[in-house]
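Participant: For reference, this is input-v4.csv, and it has CSV, C-alpha atoms.
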```csv
chain,number,residue,atom,x,y,z
A,1259,MET,CA,0.0,0.0,0.0
A,1260,SER,CA,2.9,2.3,0.8
A,1261,ASN,CA,4.5,1.7,-2.6
A,1262,ARG,CA,1.2,2.5,-4.3
A,1263,ARG,CA,0.9,5.7,-2.3
A,1264,ASN,CA,4.5,6.7,-3.1
A,1265,ALA,CA,3.9,6.1,-6.8
A,1266,LEU,CA,0.8,8.2,-6.7
A,1267,LEU,CA,2.6,11.0,-4.9
A,1268,GLU,CA,5.4,10.9,-7.5
A,1269,ARG,CA,2.9,11.0,-10.4
A,1270,PHE,CA,1.0,13.8,-8.9
A,1271,PHE,CA,4.1,15.9,-8.1
A,1272,THR,CA,5.4,15.4,-11.7
A,1273,CYS,CA,2.1,16.5,-13.2
A,1274,LEU,CA,2.1,19.6,-11.0
A,1275,ILE,CA,5.7,20.8,-11.6
A,1276,SER,CA,5.3,20.3,-15.4
A,1277,GLY,CA,2.0,22.2,-15.5
A,1278,ASP,CA,0.1,19.1,-16.7
A,1279,ARG,CA,-3.4,20.1,-15.8
A,1280,PRO,CA,-5.2,17.2,-17.5
A,1281,GLY,CA,-2.8,14.7,-15.9
A,1282,ALA,CA,-3.4,16.2,-12.4
A,1283,ARG,CA,-7.1,16.2,-12.9
A,1284,GLU,CA,-7.0,12.5,-14.0
A,1285,ILE,CA,-5.2,11.6,-10.8
A,1286,MET,CA,-7.8,13.3,-8.7
A,1287,ASP,CA,-10.5,11.5,-10.7
A,1288,GLU,CA,-8.8,8.2,-9.9
A,1289,VAL,CA,-8.6,9.0,-6.3
A,1290,PHE,CA,-12.3,9.9,-6.0
A,1291,GLU,CA,-13.4,7.0,-8.1
A,1292,ALA,CA,-11.7,4.8,-5.5
A,1293,ASP,CA,-14.1,6.4,-2.9
A,1294,CYS,CA,-11.2,8.0,-1.0
A,1295,PRO,CA,-12.6,10.5,1.5
A,1296,ALA,CA,-11.7,14.1,0.8
A,1297,GLU,CA,-10.1,14.4,4.3
A,1298,LYS,CA,-7.8,11.5,3.5
A,1299,VAL,CA,-6.9,13.1,0.2
A,1300,ALA,CA,-5.9,16.2,2.0
A,1301,SER,CA,-3.7,14.4,4.5
A,1302,ASN,CA,-2.2,11.8,2.3
A,1303,LEU,CA,-1.8,13.6,-1.1
A,1304,ILE,CA,-2.3,17.4,-0.9
A,1305,TRP,CA,-0.4,18.2,2.2
A,1306,PRO,CA,2.6,15.9,1.5
A,1307,THR,CA,2.9,17.3,-2.0
A,1308,LEU,CA,2.7,20.9,-0.8
A,1309,ASN,CA,5.3,20.2,1.9
A,1310,THR,CA,7.6,18.8,-0.7
A,1311,LEU,CA,7.1,21.8,-2.9
A,1312,GLN,CA,7.9,24.2,0.0
A,1313,THR,CA,11.1,22.2,1.0
A,1314,MET,CA,12.4,22.0,-2.6
A,1315,ARG,CA,11.8,25.7,-3.3
A,1316,ARG,CA,13.4,26.7,0.0
A,1317,ASN,CA,16.5,24.6,-0.9
A,1318,ASP,CA,16.7,26.0,-4.4
A,1319,GLN,CA,15.8,22.6,-5.9
A,1320,LEU,CA,12.8,23.9,-7.8
A,1321,ASN,CA,12.9,26.7,-10.3
A,1322,ALA,CA,10.3,29.5,-10.4
A,1323,LEU,CA,8.5,28.1,-13.4
A,1324,ALA,CA,7.9,24.7,-11.8
A,1325,TYR,CA,7.0,26.2,-8.5
A,1326,ASN,CA,4.4,28.5,-10.1
A,1327,TYR,CA,3.0,25.7,-12.2
A,1328,ALA,CA,2.6,23.5,-9.1
A,1329,THR,CA,1.2,26.1,-6.7
A,1330,ARG,CA,-1.4,27.5,-9.2
A,1331,LEU,CA,-2.5,24.0,-10.2
A,1332,LEU,CA,-2.7,22.9,-6.5
A,1333,ARG,CA,-4.8,25.9,-5.6
A,1334,GLY,CA,-7.4,25.0,-8.0
A,1335,ILE,CA,-7.5,21.4,-6.8
A,1336,THR,CA,-7.7,22.6,-3.2
A,1337,ASP,CA,-10.7,24.8,-4.1
A,1338,GLN,CA,-12.4,21.8,-5.6
A,1339,LEU,CA,-11.5,19.5,-2.7
A,1340,GLN,CA,-13.1,21.8,-0.2
A,1341,MET,CA,-16.6,21.1,-1.6
A,1342,ARG,CA,-16.1,17.3,-0.9
A,1343,TYR,CA,-15.4,17.5,2.8
A,1344,ALA,CA,-18.0,15.9,5.1
A,1345,CYS,CA,-19.1,19.0,7.0
A,1346,LYS,CA,-20.0,18.9,10.7
A,1347,GLU,CA,-22.5,21.1,12.5
A,1348,ASP,CA,-21.6,24.6,13.5
A,1349,ASN,CA,-19.7,24.4,16.9
A,1350,GLY,CA,-20.1,28.1,17.7
A,1351,THR,CA,-16.3,28.8,17.7
A,1352,THR,CA,-15.0,31.6,15.6
A,1353,CYS,CA,-11.5,31.4,14.1
A,1354,LEU,CA,-9.3,33.9,12.3
A,1355,VAL,CA,-6.7,32.2,10.1
A,1356,VAL,CA,-3.6,34.0,8.9
A,1357,CYS,CA,-0.5,32.8,7.1
A,1358,GLY,CA,2.7,33.8,5.3
A,1359,ALA,CA,2.4,35.7,2.1
A,1360,GLU,CA,4.2,33.3,-0.2
A,1361,GLU,CA,1.9,31.3,-2.6
A,1362,SER,CA,2.7,27.9,-0.9
A,1363,GLU,CA,2.1,29.4,2.5
A,1364,GLU,CA,-1.3,30.8,1.4
A,1365,LEU,CA,-2.2,27.3,0.1
A,1366,ALA,CA,-1.3,25.8,3.4
A,1367,GLY,CA,-3.4,28.4,5.2
A,1368,GLN,CA,-6.3,27.8,2.8
A,1369,LEU,CA,-6.1,24.0,3.4
A,1370,THR,CA,-6.2,24.7,7.2
A,1371,ALA,CA,-9.1,27.1,6.9
A,1372,ASP,CA,-11.1,24.6,4.7
A,1373,LEU,CA,-10.5,21.7,7.2
A,1374,LEU,CA,-11.5,23.8,10.2
A,1375,GLU,CA,-14.6,25.0,8.4
A,1376,ALA,CA,-15.6,21.4,7.6
A,1377,GLU,CA,-15.0,20.6,11.3
A,1378,GLY,CA,-17.7,23.1,12.3
A,1379,TYR,CA,-15.6,26.2,13.1
A,1380,ARG,CA,-16.7,29.6,11.8
A,1381,VAL,CA,-13.7,30.5,9.8
A,1382,HIS,CA,-12.4,33.9,8.5
A,1383,PHE,CA,-9.3,33.4,6.3
A,1384,THR,CA,-7.2,36.6,5.6
A,1385,GLY,CA,-4.4,35.1,3.7
A,1386,GLY,CA,-0.9,36.6,4.1
A,1387,GLY,CA,0.5,40.1,4.1
A,1388,ILE,CA,-2.0,41.7,6.6
A,1389,ALA,CA,-0.8,44.3,9.0
A,1390,ASN,CA,-1.0,43.5,12.7
A,1391,ASP,CA,-3.3,46.5,13.4
A,1392,GLU,CA,-5.8,45.2,10.9
A,1393,ILE,CA,-5.6,41.7,12.4
A,1394,VAL,CA,-6.2,43.0,15.9
A,1395,GLU,CA,-9.1,45.1,14.8
A,1396,GLN,CA,-10.7,42.2,12.9
A,1397,LEU,CA,-10.3,39.8,15.9
A,1398,GLY,CA,-12.3,42.3,18.0
A,1399,THR,CA,-14.9,42.8,15.2
A,1400,ILE,CA,-15.7,39.1,14.8
A,1401,LYS,CA,-15.2,38.4,18.5
A,1402,ALA,CA,-12.8,35.6,17.6
A,1403,ASP,CA,-12.3,32.6,19.9
A,1404,LYS,CA,-9.2,31.4,18.1
A,1405,LEU,CA,-6.3,32.9,16.2
A,1406,VAL,CA,-4.6,30.4,13.9
A,1407,VAL,CA,-1.2,31.4,12.3
A,1408,PHE,CA,-0.3,28.6,9.8
A,1409,GLY,CA,2.6,28.6,7.4
A,1410,ALA,CA,4.6,31.6,8.6
A,1411,ILE,CA,7.9,32.3,6.9
A,1412,PRO,CA,11.0,33.3,8.9
A,1413,ALA,CA,10.6,37.0,7.9
A,1414,THR,CA,7.2,37.2,9.5
A,1415,VAL,CA,8.0,35.6,12.8
A,1416,PRO,CA,8.9,38.9,14.5
A,1417,GLN,CA,5.6,40.3,13.3
A,1418,THR,CA,3.8,37.3,14.7
A,1419,ARG,CA,5.5,37.6,18.0
A,1420,LEU,CA,4.5,41.3,18.2
A,1421,LEU,CA,1.0,40.4,17.3
A,1422,ILE,CA,0.7,37.9,20.2
A,1423,ASP,CA,2.4,40.3,22.6
A,1424,ARG,CA,-0.1,43.0,21.7
A,1425,LEU,CA,-3.1,40.8,22.1
A,1426,HIS,CA,-1.9,39.9,25.6
A,1427,ASP,CA,-1.1,43.5,26.4
A,1428,ILE,CA,-4.2,45.3,25.2
A,1429,GLY,CA,-6.7,42.6,26.1
A,1430,VAL,CA,-8.5,42.3,22.8
A,1431,CYS,CA,-10.4,39.0,23.0
A,1432,PRO,CA,-8.7,38.2,26.4
A,1433,ASP,CA,-9.7,34.6,26.3
A,1434,ILE,CA,-8.5,33.9,22.8
A,1435,GLN,CA,-6.6,30.8,22.1
A,1436,ILE,CA,-3.5,31.2,19.8
A,1437,ILE,CA,-2.5,28.2,17.6
A,1438,VAL,CA,0.5,28.1,15.2
A,1439,GLY,CA,1.8,25.5,12.8
A,1440,GLY,CA,3.5,24.6,9.6
A,1441,GLY,CA,6.2,26.7,8.0
A,1442,VAL,CA,9.0,27.9,10.1
A,1443,PHE,CA,7.3,26.6,13.3
A,1444,ASN,CA,8.0,23.0,12.0
A,1445,ARG,CA,11.7,23.8,11.5
A,1446,ALA,CA,12.6,25.8,14.7
A,1447,GLU,CA,12.1,23.7,17.8
A,1448,GLY,CA,10.7,25.8,20.7
A,1449,LEU,CA,9.7,28.7,18.5
A,1450,ALA,CA,6.0,28.3,19.1
A,1451,GLU,CA,6.5,28.2,22.8
A,1452,GLU,CA,8.9,31.2,22.7
A,1453,ILE,CA,6.4,33.5,21.0
A,1454,GLY,CA,3.6,32.6,23.4
A,1455,ALA,CA,1.4,30.3,21.4
A,1456,ASP,CA,-1.1,28.1,23.3
A,1457,LEU,CA,-1.0,25.2,20.8
A,1458,TRP,CA,1.1,24.1,17.8
A,1459,ALA,CA,0.9,21.5,15.2
A,1460,ASN,CA,3.0,20.2,12.3
A,1461,ASP,CA,0.3,20.1,9.6
A,1462,PRO,CA,-3.3,21.2,9.0
A,1463,ILE,CA,-4.7,17.8,9.9
A,1464,GLU,CA,-2.9,17.7,13.2
A,1465,LEU,CA,-3.8,21.3,13.9
A,1466,VAL,CA,-7.5,20.5,13.7
A,1467,ALA,CA,-7.1,17.5,16.0
A,1468,VAL,CA,-5.2,19.4,18.7
A,1469,MET,CA,-7.8,22.3,18.6
A,1470,ASN,CA,-10.6,19.8,19.1
A,1471,GLU,CA,-8.7,17.9,21.8
A,1472,GLN,CA,-7.5,20.9,23.8
A,1473,PRO,CA,-10.0,23.8,23.4
A,1474,GLU,CA,-9.2,25.3,26.8
A,1475,GLN,CA,-5.4,25.0,26.7
A,1476,ARG,CA,-3.8,28.3,27.5
A,1477,MET,CA,-0.1,29.2,28.2
A,1478,ASP,CA,1.2,31.9,30.4
A,1479,ALA,CA,2.8,34.1,27.7
A,1480,ALA,CA,5.7,35.4,29.8
A,1481,GLU,CA,6.6,31.9,31.1
A,1482,GLN,CA,6.4,30.3,27.7
A,1483,ARG,CA,8.7,32.9,26.2
A,1484,THR,CA,11.2,32.2,29.0
A,1485,VAL,CA,10.9,28.4,28.2
A,1486,GLY,CA,11.4,29.1,24.6
A,1487,ARG,CA,14.5,31.2,25.2
A,1488,ARG,CA,16.0,28.5,27.4
A,1489,LYS,CA,15.5,25.9,24.7
A,1490,ALA,CA,16.9,28.1,22.0
A,1491,GLN,CA,20.0,28.9,24.2
A,1492,ALA,CA,20.5,25.2,24.9
A,1493,ASN,CA,20.2,24.4,21.2
A,1494,ARG,CA,22.8,27.0,20.3
A,1495,LYS,CA,25.2,25.7,23.0
A,1496,THR,CA,24.8,22.1,21.7
A,1497,LYS,CA,25.5,23.2,18.1
A,1498,ALA,CA,28.5,25.2,19.2
A,1499,ALA,CA,29.9,22.3,21.1
```
Let me see the structure of the file written as structure tokens.

Facilitator:
Amino acid sequence: MSNRRNALLERFFTCLISGDRPGAREIMDEVFEADCPAEKVASNLIWPTLNTLQTMRRNDQLNALAYNYATRLLRGITDQLQMRYACKEDNGTTCLVVCGAEESEELAGQLTADLLEAEGYRVHFTGGGIANDEIVEQLGTIKADKLVVFGAIPATVPQTRLLIDRLHDIGVCPDIQIIVGGGVFNRAEGLAEEIGADLWANDPIELVAVMNEQPEQRMDAAEQRTVGRRKAQANRKTKAA
């Protein structure tokens, strides 16, 4: 089964980076004709492929043409996949989802937003490149229960840290839960804790799960940033040694 899945992933990835739109659609048709649930397609095909694209682009293993082919094609497929999710009843919880501004990060944010909405959350998805002032204002306007930052890039981490600090300082939505995941948070151990997040996850599927399992989890922001600094310092000492 693993070999079949790997072969499918390889075929799908090849279609995406070569801009083979009919080929990519044919693969999706095969998947759905096999009665594979949309949620499983998201976790076993869409996310692994997107993660590979991000890694290869970050490591200069994928040129701009292939990256643009793949991300644009994958966005259309993600849009179509959203309509196939098995949607649960409204759970009364409002989320604002933000992300990094790069195309692949927006795709990761969109996948997260779609999965949360299917799970019954009331989702507002801003995409990337939104100023903190606007995010804070919107959180208050919609009376958000959750702030989800998924797929941040290194350049936006300071902005995310300032956003979380400001939310704690000025008391907008004082009971809000802050969840981060994907992007740089997957690659920098302790970063989520350091910036004061309440929960963190590696991928959109895991993020939905931890939000469902720990809806009341809150971290003391000052203590968590201290914990994060201690971890970062310990990591730097280990590398130096």

Participant: Might you pull out every residue within 12 Å of Leu1274 in chain A, with all atoms listed in the file counted and same-chain residues fewer than 4 positions away left off, and present them as a PyMOL selection string?

Facilitator: chain A and resi 1267-1270+1278-1286+1304+1307-1308+1310-1311+1320+1323-1335

Participant: Quick one: of A:Arg1476, A:Ala1402, A:Ile1463, A:Val1356, who's nearest to Leu1421 in chain A, counting all atoms listed in the file?

Facilitator: A:Val1356

Participant: When you count only C-alpha atoms, which of these residues is closest to Tyr1343 in chain A: A:Glu1364, A:Pro1295, A:Gln1312, A:Cys1431?

Facilitator: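 Of A:Glu1364, A:Pro1295, A:Gln1312, A:Cys1431, the one nearest Tyr1343 in chain A, counting only C-alpha atoms, is A:Pro1295.
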
Participant: Could you pull the residues within 8 Å of Gly1386 in chain A, counting all atoms listed in the file, minus those fewer than 2 positions along the same chain, as a ChimeraX atom specification?

Facilitator: /A:1356-1360,1363-1364,1384,1388

Participant: What is the CA of His1382 in chain A to CA of Cys1353 in chain A distance in Å?

Facilitator: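 Separation of CA of His1382 in chain A and CA of Cys1353 in chain A: 6.2 Å.
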
Participant: Give me, please, the distance in Å between CA of Asn1309 in chain A and CA of Val1406 in chain A, quoted to one decimal.

Facilitator: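 Straight-line distance from CA of Asn1309 in chain A to CA of Val1406 in chain A works out to 18.6 Å.
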
Participant: Suppose you want the space between CA of Leu1369 in chain A and CA of Asp1337 in chain A; what is it in Å?

Facilitator: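 Separating CA of Leu1369 in chain A from CA of Asp1337 in chain A is a distance of 8.8 Å.
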
Participant: With all atoms listed in the file as the counted atoms, please give the residues lying no more than 12 Å from Lys1298 in chain A, apart from itself and same-chain residues fewer than 3 positions off, as a list of chain:residue names.

Facilitator: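 Once the nearby chain positions are removed, what remains is A:Arg1263, A:Val1289, A:Phe1290, A:Ala1292, A:Asp1293, A:Cys1294, A:Pro1295, A:Ser1301, A:Asn1302, A:Leu1303, A:Ile1304, A:Trp1305, A:Pro1306, A:Leu1339, A:Arg1342, A:Tyr1343, A:Ala1344, A:Leu1373, A:Ile1463.
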
Participant: Tell me which protein, DNA and RNA residues are within 9 Å of Asn1349 in chain A, counting all atoms listed in the file, leaving out same-chain ones fewer than 4 positions away, and put them as a PyMOL selection string.

Facilitator: chain A and resi 1377-1380

Participant: Between A:Leu1449, A:Gly1441, A:Lys1346, A:Glu1395, single out the one closest to Pro1416 in chain A, counting only C-alpha atoms.

Facilitator: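 Using only C-alpha atoms, the shortest distance to Pro1416 in chain A belongs to A:Leu1449.
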
Participant: Which residues, written as a list in words, have at least one atom at most 9 Å from range 1422-1429 of chain A, with only C-alpha atoms counted and residues fewer than 6 positions away on the same chain left out?

Facilitator: Val1394, Ile1436, Ile1453, Gly1454, Ala1455 and Ala1479 of chain A

Participant: Between A:Asn1470, A:Asn1321, A:Thr1313, A:Thr1399, which one has atoms that come closest to Val1442 in chain A, using only C-alpha atoms?

Facilitator: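 Nearest to Val1442 in chain A: A:Thr1313.
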
Participant: Return the single residue from A:Gln1338, A:Arg1316, A:Gly1350, A:Ala1467 that is closest to Ile1411 in chain A, with distances computed using only C-alpha atoms.

Facilitator: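 Counting only C-alpha atoms, the residue closest to Ile1411 in chain A is A:Arg1316.
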
Participant: For a quick check of understanding, using all atoms listed in the file, which of A:Glu1361, A:Cys1273, A:Asp1372, A:Asp1287 has the smallest distance to Arg1315 in chain A?

Facilitator: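 Answer, going by the shortest atom-to-atom distance: A:Glu1361.
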
Participant: Since the input is missing atoms, can you rebuild N, CA and C atoms for range 1379-1395 of chain A and write them as a JSON list (two decimals), keeping the file's coordinate frame?

Facilitator:
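Saved result, part_7.json, follows:
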```json
[["chain", "number", "residue", "atom", "x", "y", "z"],
["A", 1379, "TYR", "N", -16.08, 24.85, 12.62],
["A", 1379, "TYR", "CA", -15.60, 26.20, 13.10],
["A", 1379, "TYR", "C", -16.14, 27.25, 12.11],
["A", 1380, "ARG", "N", -16.38, 28.44, 12.66],
["A", 1380, "ARG", "CA", -16.70, 29.60, 11.80],
["A", 1380, "ARG", "C", -15.40, 30.28, 11.46],
["A", 1381, "VAL", "N", -15.02, 30.17, 10.21],
["A", 1381, "VAL", "CA", -13.70, 30.50, 9.80],
["A", 1381, "VAL", "C", -13.64, 31.82, 8.97],
["A", 1382, "HIS", "N", -12.71, 32.70, 9.32],
["A", 1382, "HIS", "CA", -12.40, 33.90, 8.50],
["A", 1382, "HIS", "C", -10.91, 33.71, 8.12],
["A", 1383, "PHE", "N", -10.64, 33.67, 6.81],
["A", 1383, "PHE", "CA", -9.30, 33.40, 6.30],
["A", 1383, "PHE", "C", -8.77, 34.69, 5.61],
["A", 1384, "THR", "N", -7.75, 35.31, 6.19],
["A", 1384, "THR", "CA", -7.20, 36.60, 5.60],
["A", 1384, "THR", "C", -6.17, 36.36, 4.55],
["A", 1385, "GLY", "N", -5.53, 35.20, 4.53],
["A", 1385, "GLY", "CA", -4.40, 35.10, 3.70],
["A", 1385, "GLY", "C", -3.16, 35.72, 4.36],
["A", 1386, "GLY", "N", -2.14, 36.05, 3.57],
["A", 1386, "GLY", "CA", -0.90, 36.60, 4.10],
["A", 1386, "GLY", "C", -0.81, 38.13, 3.83],
["A", 1387, "GLY", "N", 0.20, 38.75, 4.43],
["A", 1387, "GLY", "CA", 0.50, 40.10, 4.10],
["A", 1387, "GLY", "C", -0.40, 41.16, 4.80],
["A", 1388, "ILE", "N", -1.12, 40.78, 5.87],
["A", 1388, "ILE", "CA", -2.00, 41.70, 6.60],
["A", 1388, "ILE", "C", -1.31, 42.31, 7.77],
["A", 1389, "ALA", "N", -1.40, 43.61, 7.92],
["A", 1389, "ALA", "CA", -0.80, 44.30, 9.00],
["A", 1389, "ALA", "C", -1.38, 43.89, 10.37],
["A", 1390, "ASN", "N", -0.55, 43.91, 11.41],
["A", 1390, "ASN", "CA", -1.00, 43.50, 12.70],
["A", 1390, "ASN", "C", -2.21, 44.35, 13.21],
["A", 1391, "ASP", "N", -2.18, 45.65, 12.93],
["A", 1391, "ASP", "CA", -3.30, 46.50, 13.40],
["A", 1391, "ASP", "C", -4.62, 46.04, 12.80],
["A", 1392, "GLU", "N", -4.59, 45.64, 11.54],
["A", 1392, "GLU", "CA", -5.80, 45.20, 10.90],
["A", 1392, "GLU", "C", -6.25, 43.83, 11.48],
["A", 1393, "ILE", "N", -5.29, 42.97, 11.77],
["A", 1393, "ILE", "CA", -5.60, 41.70, 12.40],
["A", 1393, "ILE", "C", -6.24, 41.85, 13.73],
["A", 1394, "VAL", "N", -5.64, 42.71, 14.55],
["A", 1394, "VAL", "CA", -6.20, 43.00, 15.90],
["A", 1394, "VAL", "C", -7.59, 43.52, 15.82],
["A", 1395, "GLU", "N", -7.78, 44.48, 14.93],
["A", 1395, "GLU", "CA", -9.10, 45.10, 14.80],
["A", 1395, "GLU", "C", -10.14, 44.04, 14.35]]
```
